[in-house]
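Enquirer: Following this line is model-v8.pdb, made up of PDB, C-alpha atoms:
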ATOM      1  CA  MET J   1     -20.361  28.710   0.333
ATOM      2  CA  SER J   2     -23.228  29.545   2.650
ATOM      3  CA  GLN J   3     -22.770  31.502   5.847
ATOM      4  CA  ASP J   4     -24.291  28.596   7.787
ATOM      5  CA  THR J   5     -21.719  26.220   6.312
ATOM      6  CA  THR J   6     -18.828  28.431   7.358
ATOM      7  CA  GLU J   7     -20.214  28.975  10.849
ATOM      8  CA  PHE J   8     -20.730  25.276  11.517
ATOM      9  CA  TRP J   9     -17.038  24.446  11.014
ATOM     10  CA  ASP J  10     -15.324  27.643  12.163
ATOM     11  CA  GLY J  11     -13.411  27.216  15.402
ATOM     12  CA  LYS J  12     -14.000  23.462  15.541
ATOM     13  CA  THR J  13     -11.495  20.621  15.576
ATOM     14  CA  VAL J  14     -12.641  17.781  13.338
ATOM     15  CA  MET J  15     -11.158  14.316  13.702
ATOM     16  CA  VAL J  16     -11.350  12.444  10.384
ATOM     17  CA  THR J  17     -10.459   8.779  10.837
ATOM     18  CA  GLY J  18      -9.253   7.376   7.544
ATOM     19  CA  GLY J  19      -8.522  10.949   6.505
ATOM     20  CA  SER J  20      -5.441   9.959   4.534
ATOM     21  CA  GLY J  21      -7.313   7.279   2.570
ATOM     22  CA  PHE J  22      -9.226   7.364  -0.700
ATOM     23  CA  LEU J  23     -12.464   8.944   0.518
ATOM     24  CA  GLY J  24     -10.814  10.689   3.449
ATOM     25  CA  GLY J  25      -8.347  12.593   1.301
ATOM     26  CA  HIS J  26     -11.127  14.023  -0.840
ATOM     27  CA  LEU J  27     -13.243  14.827   2.212
ATOM     28  CA  VAL J  28     -10.406  16.701   3.933
ATOM     29  CA  GLU J  29      -9.837  18.729   0.757
ATOM     30  CA  GLU J  30     -13.543  19.582   0.523
ATOM     31  CA  LEU J  31     -13.711  20.493   4.200
ATOM     32  CA  ARG J  32     -10.849  22.952   3.802
ATOM     33  CA  THR J  33     -12.805  24.733   1.055
ATOM     34  CA  ARG J  34     -15.782  25.148   3.400
ATOM     35  CA  SER J  35     -13.986  26.925   6.228
ATOM     36  CA  ASP J  36     -10.676  28.636   6.835
ATOM     37  CA  GLY J  37     -11.296  28.359  10.562
ATOM     38  CA  VAL J  38     -11.531  24.592  10.924
ATOM     39  CA  ASP J  39      -8.749  22.484  12.461
ATOM     40  CA  ILE J  40      -8.510  18.991  10.941
ATOM     41  CA  PHE J  41      -6.923  16.107  12.833
ATOM     42  CA  VAL J  42      -6.177  12.861  10.979
ATOM     43  CA  PRO J  43      -5.078   9.977  13.254
ATOM     44  CA  ARG J  44      -2.748   8.039  10.970
ATOM     45  CA  SER J  45      -2.534   4.282  11.421
ATOM     46  CA  ASP J  46       1.215   4.272  12.056
ATOM     47  CA  GLU J  47       0.637   6.505  15.094
ATOM     48  CA  TYR J  48      -2.814   5.427  16.306
ATOM     49  CA  ASP J  49      -4.133   1.866  16.030
ATOM     50  CA  LEU J  50      -7.869   2.498  16.204
ATOM     51  CA  ARG J  51      -8.490  -1.111  17.196
ATOM     52  CA  GLU J  52      -6.846  -0.308  20.527
ATOM     53  CA  LYS J  53      -8.750   1.590  23.219
ATOM     54  CA  ALA J  54      -5.644   3.335  24.520
ATOM     55  CA  ASP J  55      -4.771   4.665  21.069
ATOM     56  CA  ILE J  56      -8.298   5.960  20.542
ATOM     57  CA  GLN J  57      -8.161   7.732  23.905
ATOM     58  CA  ARG J  58      -4.795   9.229  23.003
ATOM     59  CA  ALA J  59      -6.226  10.485  19.696
ATOM     60  CA  PHE J  60      -8.992  12.305  21.560
ATOM     61  CA  GLU J  61      -6.552  13.724  24.101
ATOM     62  CA  ASP J  62      -4.178  14.884  21.364
ATOM     63  CA  SER J  63      -6.881  16.410  19.173
ATOM     64  CA  GLU J  64      -9.529  17.664  21.626
ATOM     65  CA  ALA J  65     -11.947  16.982  18.775
ATOM     66  CA  ASP J  66     -15.350  18.668  18.650
ATOM     67  CA  VAL J  67     -16.592  16.609  15.674
ATOM     68  CA  VAL J  68     -15.666  13.094  14.557
ATOM     69  CA  ILE J  69     -16.137  11.764  11.026
ATOM     70  CA  HIS J  70     -15.441   8.030  11.085
ATOM     71  CA  LEU J  71     -14.318   6.841   7.652
ATOM     72  CA  ALA J  72     -11.595   4.369   8.648
ATOM     73  CA  ALA J  73     -12.348   0.771   7.665
ATOM     74  CA  THR J  74     -10.702  -2.490   6.737
ATOM     75  CA  VAL J  75     -12.288  -3.106   3.353
ATOM     76  CA  GLY J  76     -11.813  -4.646  -0.077
ATOM     77  CA  GLY J  77     -13.583  -6.258  -3.011
ATOM     78  CA  ILE J  78     -15.264  -9.659  -3.198
ATOM     79  CA  GLY J  79     -11.964 -11.560  -3.271
ATOM     80  CA  ALA J  80     -10.589  -9.752  -0.223
ATOM     81  CA  ASN J  81     -13.850 -10.301   1.672
ATOM     82  CA  ARG J  82     -13.738 -14.035   0.947
ATOM     83  CA  LYS J  83     -10.147 -14.296   2.179
ATOM     84  CA  ASN J  84     -10.565 -12.177   5.329
ATOM     85  CA  PRO J  85     -14.047 -12.609   6.834
ATOM     86  CA  GLY J  86     -12.792 -12.768  10.415
ATOM     87  CA  ARG J  87     -10.433  -9.834  10.071
ATOM     88  CA  TYR J  88     -13.031  -7.692   8.318
ATOM     89  CA  PHE J  89     -15.578  -8.398  11.042
ATOM     90  CA  TYR J  90     -13.253  -7.833  13.992
ATOM     91  CA  ASP J  91     -11.383  -4.777  12.727
ATOM     92  CA  ASN J  92     -14.482  -2.859  11.703
ATOM     93  CA  ALA J  93     -16.581  -3.784  14.721
ATOM     94  CA  VAL J  94     -13.999  -3.118  17.424
ATOM     95  CA  MET J  95     -12.723   0.058  15.786
ATOM     96  CA  GLY J  96     -16.156   1.629  15.363
ATOM     97  CA  ILE J  97     -17.680   0.539  18.661
ATOM     98  CA  GLU J  98     -14.794   1.800  20.773
ATOM     99  CA  LEU J  99     -14.424   5.011  18.777
ATOM    100  CA  ILE J 100     -18.085   5.929  19.309
ATOM    101  CA  GLU J 101     -17.890   5.065  23.014
ATOM    102  CA  GLN J 102     -14.817   7.232  23.503
ATOM    103  CA  ALA J 103     -16.370  10.059  21.470
ATOM    104  CA  ARG J 104     -19.249  10.009  23.938
ATOM    105  CA  GLN J 105     -16.951   9.975  26.947
ATOM    106  CA  TYR J 106     -14.862  12.847  25.557
ATOM    107  CA  ASP J 107     -18.021  14.943  25.019
ATOM    108  CA  VAL J 108     -17.775  15.160  21.241
ATOM    109  CA  GLU J 109     -20.520  17.419  19.832
ATOM    110  CA  LYS J 110     -21.251  15.397  16.696
ATOM    111  CA  CYS J 111     -20.183  12.013  15.344
ATOM    112  CA  THR J 112     -20.711  11.010  11.714
ATOM    113  CA  ILE J 113     -20.436   7.263  11.093
ATOM    114  CA  LEU J 114     -20.080   5.619   7.707
ATOM    115  CA  GLY J 115     -21.786   2.289   7.202
ATOM    116  CA  THR J 116     -21.957   0.230   4.017
ATOM    117  CA  ILE J 117     -24.660  -0.987   1.685
ATOM    118  CA  CYS J 118     -23.172  -4.457   2.207
ATOM    119  CA  ALA J 119     -25.253  -4.337   5.403
ATOM    120  CA  TYR J 120     -28.508  -4.584   3.459
ATOM    121  CA  PRO J 121     -30.241  -7.991   3.249
ATOM    122  CA  GLU J 122     -29.348 -10.079   0.209
ATOM    123  CA  ASP J 123     -32.919  -9.965  -1.140
ATOM    124  CA  THR J 124     -33.659  -6.303  -0.401
ATOM    125  CA  PRO J 125     -36.262  -4.898  -2.836
ATOM    126  CA  VAL J 126     -34.765  -2.494  -5.368
ATOM    127  CA  PRO J 127     -34.277   0.415  -4.880
ATOM    128  CA  PHE J 128     -32.896  -0.196  -1.384
ATOM    129  CA  SER J 129     -34.840   1.788   1.199
ATOM    130  CA  GLU J 130     -33.394   2.558   4.614
ATOM    131  CA  GLU J 131     -36.557   1.025   6.088
ATOM    132  CA  ASP J 132     -35.386  -2.425   4.901
ATOM    133  CA  LEU J 133     -31.947  -2.345   6.536
ATOM    134  CA  TYR J 134     -32.909  -4.904   9.187
ATOM    135  CA  ALA J 135     -35.242  -7.044   7.068
ATOM    136  CA  GLY J 136     -32.840  -9.979   6.581
ATOM    137  CA  TYR J 137     -29.289 -11.330   6.428
ATOM    138  CA  PRO J 138     -26.707  -9.734   4.085
ATOM    139  CA  GLU J 139     -25.253 -11.502   1.057
ATOM    140  CA  LYS J 140     -22.842 -13.998   2.599
ATOM    141  CA  THR J 141     -19.692 -12.858   0.778
ATOM    142  CA  ASN J 142     -19.872  -9.447   2.449
ATOM    143  CA  ALA J 143     -21.859 -10.379   5.576
ATOM    144  CA  PRO J 144     -19.060 -10.175   8.187
ATOM    145  CA  TYR J 145     -18.081  -6.685   7.016
ATOM    146  CA  GLY J 146     -21.674  -5.574   6.559
ATOM    147  CA  ILE J 147     -22.876  -6.781   9.956
ATOM    148  CA  ALA J 148     -19.906  -5.220  11.747
ATOM    149  CA  LYS J 149     -20.700  -1.860  10.182
ATOM    150  CA  LYS J 150     -24.451  -2.215  10.758
ATOM    151  CA  ALA J 151     -23.826  -2.722  14.474
ATOM    152  CA  LEU J 152     -22.580   0.870  14.555
ATOM    153  CA  HIS J 153     -26.000   2.090  13.497
ATOM    154  CA  THR J 154     -27.580   0.256  16.414
ATOM    155  CA  GLN J 155     -24.985   1.874  18.673
ATOM    156  CA  SER J 156     -25.741   5.304  17.203
ATOM    157  CA  TRP J 157     -29.447   4.891  17.907
ATOM    158  CA  ALA J 158     -28.885   3.452  21.397
ATOM    159  CA  TYR J 159     -26.506   6.233  22.433
ATOM    160  CA  ARG J 160     -28.912   8.913  21.246
ATOM    161  CA  GLU J 161     -31.699   7.258  23.250
ATOM    162  CA  GLN J 162     -29.745   6.792  26.485
ATOM    163  CA  TYR J 163     -27.087   9.515  26.431
ATOM    164  CA  ASP J 164     -28.506  12.112  24.007
ATOM    165  CA  PHE J 165     -25.312  11.621  21.989
ATOM    166  CA  ASN J 166     -25.574  13.275  18.584
ATOM    167  CA  SER J 167     -24.411  10.801  15.971
ATOM    168  CA  ILE J 168     -25.574  10.144  12.410
ATOM    169  CA  TYR J 169     -25.194   7.070  10.220
ATOM    170  CA  LEU J 170     -24.686   7.203   6.450
ATOM    171  CA  LEU J 171     -24.782   4.342   3.944
ATOM    172  CA  PRO J 172     -22.636   5.153   0.887
ATOM    173  CA  VAL J 173     -22.869   3.032  -2.230
ATOM    174  CA  ASN J 174     -19.674   1.793  -3.950
ATOM    175  CA  LEU J 175     -17.299   4.710  -4.512
ATOM    176  CA  TYR J 176     -14.930   5.381  -7.387
ATOM    177  CA  GLY J 177     -12.721   8.214  -8.542
ATOM    178  CA  PRO J 178      -9.155   9.562  -8.635
ATOM    179  CA  ARG J 179      -6.795   8.045  -6.036
ATOM    180  CA  ASP J 180      -8.846   4.844  -5.749
ATOM    181  CA  ASP J 181      -7.186   1.541  -4.773
ATOM    182  CA  PHE J 182      -5.792  -0.021  -7.959
ATOM    183  CA  ASP J 183      -4.114  -2.998  -6.250
ATOM    184  CA  LEU J 184      -5.694  -6.045  -7.905
ATOM    185  CA  GLU J 185      -5.634  -7.965  -4.610
ATOM    186  CA  THR J 186      -7.841  -5.498  -2.746
ATOM    187  CA  SER J 187      -9.482  -3.210  -5.317
ATOM    188  CA  HIS J 188     -13.154  -2.971  -6.185
ATOM    189  CA  VAL J 189     -14.484  -3.578  -9.677
ATOM    190  CA  ILE J 190     -13.978  -0.178 -11.336
ATOM    191  CA  PRO J 191     -10.268   0.322 -10.533
ATOM    192  CA  ALA J 192      -9.578  -3.369 -11.127
ATOM    193  CA  ILE J 193     -11.078  -3.343 -14.623
ATOM    194  CA  ILE J 194      -9.453  -0.004 -15.489
ATOM    195  CA  ARG J 195      -6.062  -1.409 -14.594
ATOM    196  CA  LYS J 196      -6.657  -4.676 -16.466
ATOM    197  CA  CYS J 197      -7.762  -2.847 -19.609
ATOM    198  CA  VAL J 198      -4.911  -0.330 -19.615
ATOM    199  CA  GLU J 199      -2.256  -2.985 -19.037
ATOM    200  CA  ALA J 200      -3.805  -5.372 -21.579
ATOM    201  CA  SER J 201      -3.835  -2.612 -24.198
ATOM    202  CA  GLU J 202      -0.173  -1.868 -23.616
ATOM    203  CA  ARG J 203       0.714  -5.561 -23.967
ATOM    204  CA  SER J 204      -1.609  -5.985 -26.971
ATOM    205  CA  ASP J 205      -3.377  -8.823 -25.157
ATOM    206  CA  ASP J 206      -6.294 -10.490 -26.901
ATOM    207  CA  SER J 207      -8.503 -10.584 -23.796
ATOM    208  CA  ILE J 208      -9.053  -9.698 -20.166
ATOM    209  CA  THR J 209     -10.849 -11.744 -17.521
ATOM    210  CA  ALA J 210     -13.683 -10.379 -15.404
ATOM    211  CA  TRP J 211     -15.263 -12.103 -12.414
ATOM    212  CA  GLY J 212     -18.690 -13.754 -12.414
ATOM    213  CA  THR J 213     -21.372 -13.694 -15.068
ATOM    214  CA  GLY J 214     -21.627  -9.951 -15.579
ATOM    215  CA  GLU J 215     -25.357 -10.088 -14.844
ATOM    216  CA  PRO J 216     -25.502  -8.407 -11.393
ATOM    217  CA  THR J 217     -26.139  -4.682 -11.245
ATOM    218  CA  ARG J 218     -24.388  -2.086  -9.141
ATOM    219  CA  GLU J 219     -24.614   1.598  -8.363
ATOM    220  CA  PHE J 220     -21.548   3.807  -8.100
ATOM    221  CA  LEU J 221     -20.964   7.202  -6.503
ATOM    222  CA  TYR J 222     -18.174   9.572  -7.479
ATOM    223  CA  VAL J 223     -15.913  10.074  -4.486
ATOM    224  CA  LYS J 224     -16.100  13.874  -4.520
ATOM    225  CA  ASP J 225     -19.896  13.712  -4.463
ATOM    226  CA  ALA J 226     -19.672  11.343  -1.484
ATOM    227  CA  ALA J 227     -17.346  13.723   0.372
ATOM    228  CA  ALA J 228     -19.767  16.598  -0.181
ATOM    229  CA  GLY J 229     -22.696  14.486   0.991
ATOM    230  CA  ILE J 230     -20.956  13.460   4.205
ATOM    231  CA  LEU J 231     -20.106  17.056   5.050
ATOM    232  CA  ASP J 232     -23.599  18.272   4.163
ATOM    233  CA  ALA J 233     -25.079  15.660   6.493
ATOM    234  CA  THR J 234     -22.655  16.545   9.273
ATOM    235  CA  GLU J 235     -23.669  20.201   8.995
ATOM    236  CA  ARG J 236     -27.423  19.779   8.695
ATOM    237  CA  TYR J 237     -28.661  16.333   9.784
ATOM    238  CA  ASN J 238     -29.315  15.339  13.396
ATOM    239  CA  SER J 239     -31.042  11.970  13.637
ATOM    240  CA  SER J 240     -29.972   8.347  14.020
ATOM    241  CA  ASP J 241     -32.222   7.281  11.124
ATOM    242  CA  PRO J 242     -29.818   5.808   8.530
ATOM    243  CA  VAL J 243     -29.405   7.666   5.241
ATOM    244  CA  ASN J 244     -28.347   6.294   1.840
ATOM    245  CA  LEU J 245     -25.782   8.179  -0.234
ATOM    246  CA  GLY J 246     -25.809   7.181  -3.886
ATOM    247  CA  SER J 247     -26.226   8.293  -7.459
ATOM    248  CA  GLY J 248     -29.558   6.526  -7.950
ATOM    249  CA  GLU J 249     -28.252   4.997 -11.215
ATOM    250  CA  GLU J 250     -27.968   1.238 -11.819
ATOM    251  CA  ILE J 251     -25.621  -0.463 -14.293
ATOM    252  CA  SER J 252     -24.893  -4.138 -14.943
ATOM    253  CA  ILE J 253     -21.356  -5.363 -14.378
ATOM    254  CA  ARG J 254     -21.275  -6.477 -18.014
ATOM    255  CA  GLU J 255     -22.175  -3.006 -19.266
ATOM    256  CA  LEU J 256     -19.730  -1.465 -16.800
ATOM    257  CA  VAL J 257     -16.812  -3.582 -18.020
ATOM    258  CA  GLU J 258     -17.697  -2.899 -21.659
ATOM    259  CA  THR J 259     -17.878   0.835 -20.926
ATOM    260  CA  ILE J 260     -14.458   0.833 -19.260
ATOM    261  CA  ALA J 261     -12.987  -1.171 -22.144
ATOM    262  CA  ASN J 262     -14.349   1.415 -24.568
ATOM    263  CA  GLU J 263     -13.113   4.399 -22.536
ATOM    264  CA  THR J 264      -9.607   2.874 -22.200
ATOM    265  CA  GLU J 265      -9.580   1.865 -25.890
ATOM    266  CA  PHE J 266      -9.121  -1.818 -25.106
ATOM    267  CA  GLY J 267     -10.328  -3.715 -28.169
ATOM    268  CA  GLY J 268      -9.877  -7.311 -27.037
ATOM    269  CA  GLU J 269     -12.360  -9.875 -25.771
ATOM    270  CA  ILE J 270     -13.866  -9.895 -22.291
ATOM    271  CA  GLU J 271     -13.858 -13.395 -20.799
ATOM    272  CA  TRP J 272     -16.145 -14.076 -17.830
ATOM    273  CA  ASP J 273     -14.850 -16.385 -15.101
ATOM    274  CA  THR J 274     -18.118 -17.847 -13.882
ATOM    275  CA  SER J 275     -16.337 -19.838 -11.173
ATOM    276  CA  LYS J 276     -16.020 -16.555  -9.304
ATOM    277  CA  PRO J 277     -18.925 -15.207  -7.231
ATOM    278  CA  ASP J 278     -21.311 -12.548  -8.486
ATOM    279  CA  GLY J 279     -22.218 -11.224  -5.049
ATOM    280  CA  GLN J 280     -25.591  -9.599  -4.455
ATOM    281  CA  PRO J 281     -27.823  -9.753  -7.583
ATOM    282  CA  ARG J 282     -28.830  -6.077  -7.661
ATOM    283  CA  ARG J 283     -27.865  -2.876  -5.894
ATOM    284  CA  LYS J 284     -29.594   0.432  -6.378
ATOM    285  CA  LEU J 285     -30.441   2.885  -3.618
ATOM    286  CA  ASP J 286     -33.430   5.025  -2.840
ATOM    287  CA  THR J 287     -31.661   8.345  -2.243
ATOM    288  CA  SER J 288     -34.734  10.452  -1.459
ATOM    289  CA  ARG J 289     -34.049  10.650   2.280
ATOM    290  CA  ALA J 290     -30.718  12.463   1.739
ATOM    291  CA  ARG J 291     -32.442  14.928  -0.574
ATOM    292  CA  ASP J 292     -35.400  15.482   1.734
ATOM    293  CA  ARG J 293     -33.546  15.730   5.042
ATOM    294  CA  PHE J 294     -30.413  17.688   4.187
ATOM    295  CA  GLY J 295     -30.710  18.678   0.548
ATOM    296  CA  TRP J 296     -27.995  16.517  -0.969
ATOM    297  CA  GLU J 297     -27.949  14.880  -4.410
ATOM    298  CA  ALA J 298     -25.084  13.466  -6.471
ATOM    299  CA  SER J 299     -24.063  15.802  -9.287
ATOM    300  CA  THR J 300     -21.378  13.974 -11.322
ATOM    301  CA  GLU J 301     -22.414  12.100 -14.467
ATOM    302  CA  PHE J 302     -21.074   8.540 -14.380
ATOM    303  CA  ARG J 303     -19.098   8.683 -17.626
ATOM    304  CA  ASP J 304     -17.547  12.009 -16.625
ATOM    305  CA  GLY J 305     -16.413  10.566 -13.307
ATOM    306  CA  LEU J 306     -15.175   7.417 -15.009
ATOM    307  CA  ARG J 307     -13.080   9.403 -17.484
ATOM    308  CA  GLU J 308     -11.516  11.422 -14.651
ATOM    309  CA  THR J 309     -10.682   8.178 -12.839
ATOM    310  CA  ILE J 310      -9.094   6.627 -15.928
ATOM    311  CA  GLU J 311      -7.121   9.787 -16.635
ATOM    312  CA  TRP J 312      -5.831   9.859 -13.058
ATOM    313  CA  TYR J 313      -4.760   6.205 -13.222
ATOM    314  CA  GLU J 314      -2.999   6.620 -16.552
ATOM    315  CA  THR J 315      -1.083   9.599 -15.139
ATOM    316  CA  HIS J 316      -0.115   7.801 -11.902
ATOM    317  CA  ARG J 317       0.028   4.176 -12.995
ATOM    318  CA  GLY J 318       3.757   3.885 -12.401
ATOM    319  CA  GLU J 319       2.945   3.881  -8.683
ATOM    320  CA  PHE J 320       1.063   0.589  -9.130
ATOM    321  CA  ASP J 321       3.568  -1.311 -11.267
ATOM    322  CA  GLU J 322       4.975  -4.407  -9.657
TER     323      GLU J 322
END
Just dump the structure as structure tokens.
Expert:
Amino acid sequence: MSQDTTEFWDGKTVMVTGGSGFLGGHLVEELRTRSDGVDIFVPRSDEYDLREKADIQRAFEDSEADVVIHLAATVGGIGANRKNPGRYFYDNAVMGIELIEQARQYDVEKCTILGTICAYPEDTPVPFSEEDLYAGYPEKTNAPYGIAKKALHTQSWAYREQYDFNSIYLLPVNLYGPRDDFDLETSHVIPAIIRKCVEASERSDDSITAWGTGEPTREFLYVKDAAAGILDATERYNSSDPVNLGSGEEISIRELVETIANETEFGGEIEWDTSKPDGQPRRKLDTSRARDRFGWEASTEFRDGLRETIEWYETHRGEFDE
């Protein structure tokens, strides 16, 4: 731990929205390792509805936060996005916009905002560069969520211009790791396929079903690497220019599913339901800006992270049984 790292956090109160969630839990743990003198405030949803202005104001009054890290989101995989486009747009837009406005009014020193790579245009050249964020409309399946989150970048820039409000905007790629969401109704592809393979193996099923054609590519970032990147940026980055956080590695969905099947020792067939959407054809980020501006790079090899995720699920899978 560097002296600068310790000094940045010492004596500060940090509000982490979504701090009890998948990413938030890992980030809070990492933050505690960086400073013994930091006070962490997590506004839990059963006490503070961050879609309501009064609850946001109460969270600031209760915490007296110096720094805000906004991770809270209403989010899910392709199926959940298709079922809830209105909810995903409204929840994420109103929550983020009002939170940033109240952070400004309560004189917060620094606000770190998480966006999503779903905000990128559907036909963005690969690897995705931050310069192309506004070059077109997002892939329609994720557009309501992506546009709601992208609006927060515009707000970050506008508030820096008019109010000199110090906020930063980060674009993490799809995350995975221990404590992910393994509910098949809302989970993303990695936890969903892990669960399907483990359960199919136990039942001696002949096959599992995966969505789409398997042809699209995706990039995945281990959750602990993401937590470190967010904290590094909060410590050392002070610009409203958006920054990608990713591993820089691209894998097809077909190869991903086959890899998970191998790691979980599922020996059956993989059937592809081509009636289901593929989503965006390719996703791979240019991660050079994070390296150049605040010295962050992902450090976890994909298969190592995948094995840790599978091991965690197999240990805790009773929590997900119906």
Enquirer: Once the PyMOL selection byres ((chain J and resi 16) around 8) is applied to the coordinates I shared, what remains selected? I want it as a ChimeraX atom specification.
Expert: /J:14-15,17-19,24,28,40-43,68-71
Enquirer: When the PyMOL selection byres ((chain J and resi 292-303) around 12) is applied to the structure above, which residues does it catch, written out as a PyMOL selection string?
Expert: chain J and resi 172-173+175-177+190+219-239+241-251+256+259-260+262-263+286-291+304-310
Enquirer: Go through J:Arg218, J:Arg44, J:Lys83, J:Lys12 one by one, measure the shortest atom-to-atom distance of each to Gln280 in chain J using all atoms listed in the file, and give the residue with the smallest value.
Expert: J:Arg218
Enquirer: Please indicate the distance in Å from CA of Ile117 in chain J to CA of Arg104 in chain J, rounded to one decimal place.
Expert: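 It comes out at 25.4 Å.
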Enquirer: Near Ile147 in chain J, within 9 Å and counting all atoms listed in the file, which residues show up once chain neighbours fewer than 4 positions away are dropped, as an MDAnalysis selection string?
Expert: chainID J and resid 89 93 118:120 137:138 142:143 151:152
Enquirer: Find the distance between CA of Ile168 in chain J and CA of Thr112 in chain J and write it in Å to one decimal.
Expert: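 Straight-line distance from CA of Ile168 in chain J to CA of Thr112 in chain J works out to 5.0 Å.
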Enquirer: Any idea what the distance is between CA of Leu171 in chain J and CA of Asp62 in chain J?
Expert: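 It comes out at 29.0 Å.
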Enquirer: For Glu202 in chain J, which residue out of J:Thr217, J:Gly268, J:Lys140, J:Pro277 is the nearest one, using only C-alpha atoms?
Expert: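 Under the stated criterion, the closest residue is J:Gly268.
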Enquirer: Go through J:Ala148, J:Leu170, J:Leu27, J:Ala59 one by one, measure the shortest atom-to-atom distance of each to Arg87 in chain J using only C-alpha atoms, and give the residue with the smallest value.
Expert: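 That would be J:Ala148, the residue with the smallest distance to Arg87 in chain J.
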Enquirer: For Lys110 in chain J, which residue out of J:Glu271, J:Asp180, J:Glu29, J:Asp66 is the nearest one, using all atoms listed in the file?
Expert: J:Asp66
Enquirer: Please evaluate the PyMOL selection byres ((chain J and resi 206) around 10) against the structure above and give the resulting residues as a PyMOL selection string.
Expert: chain J and resi 200-201+203-205+207-208+266-270
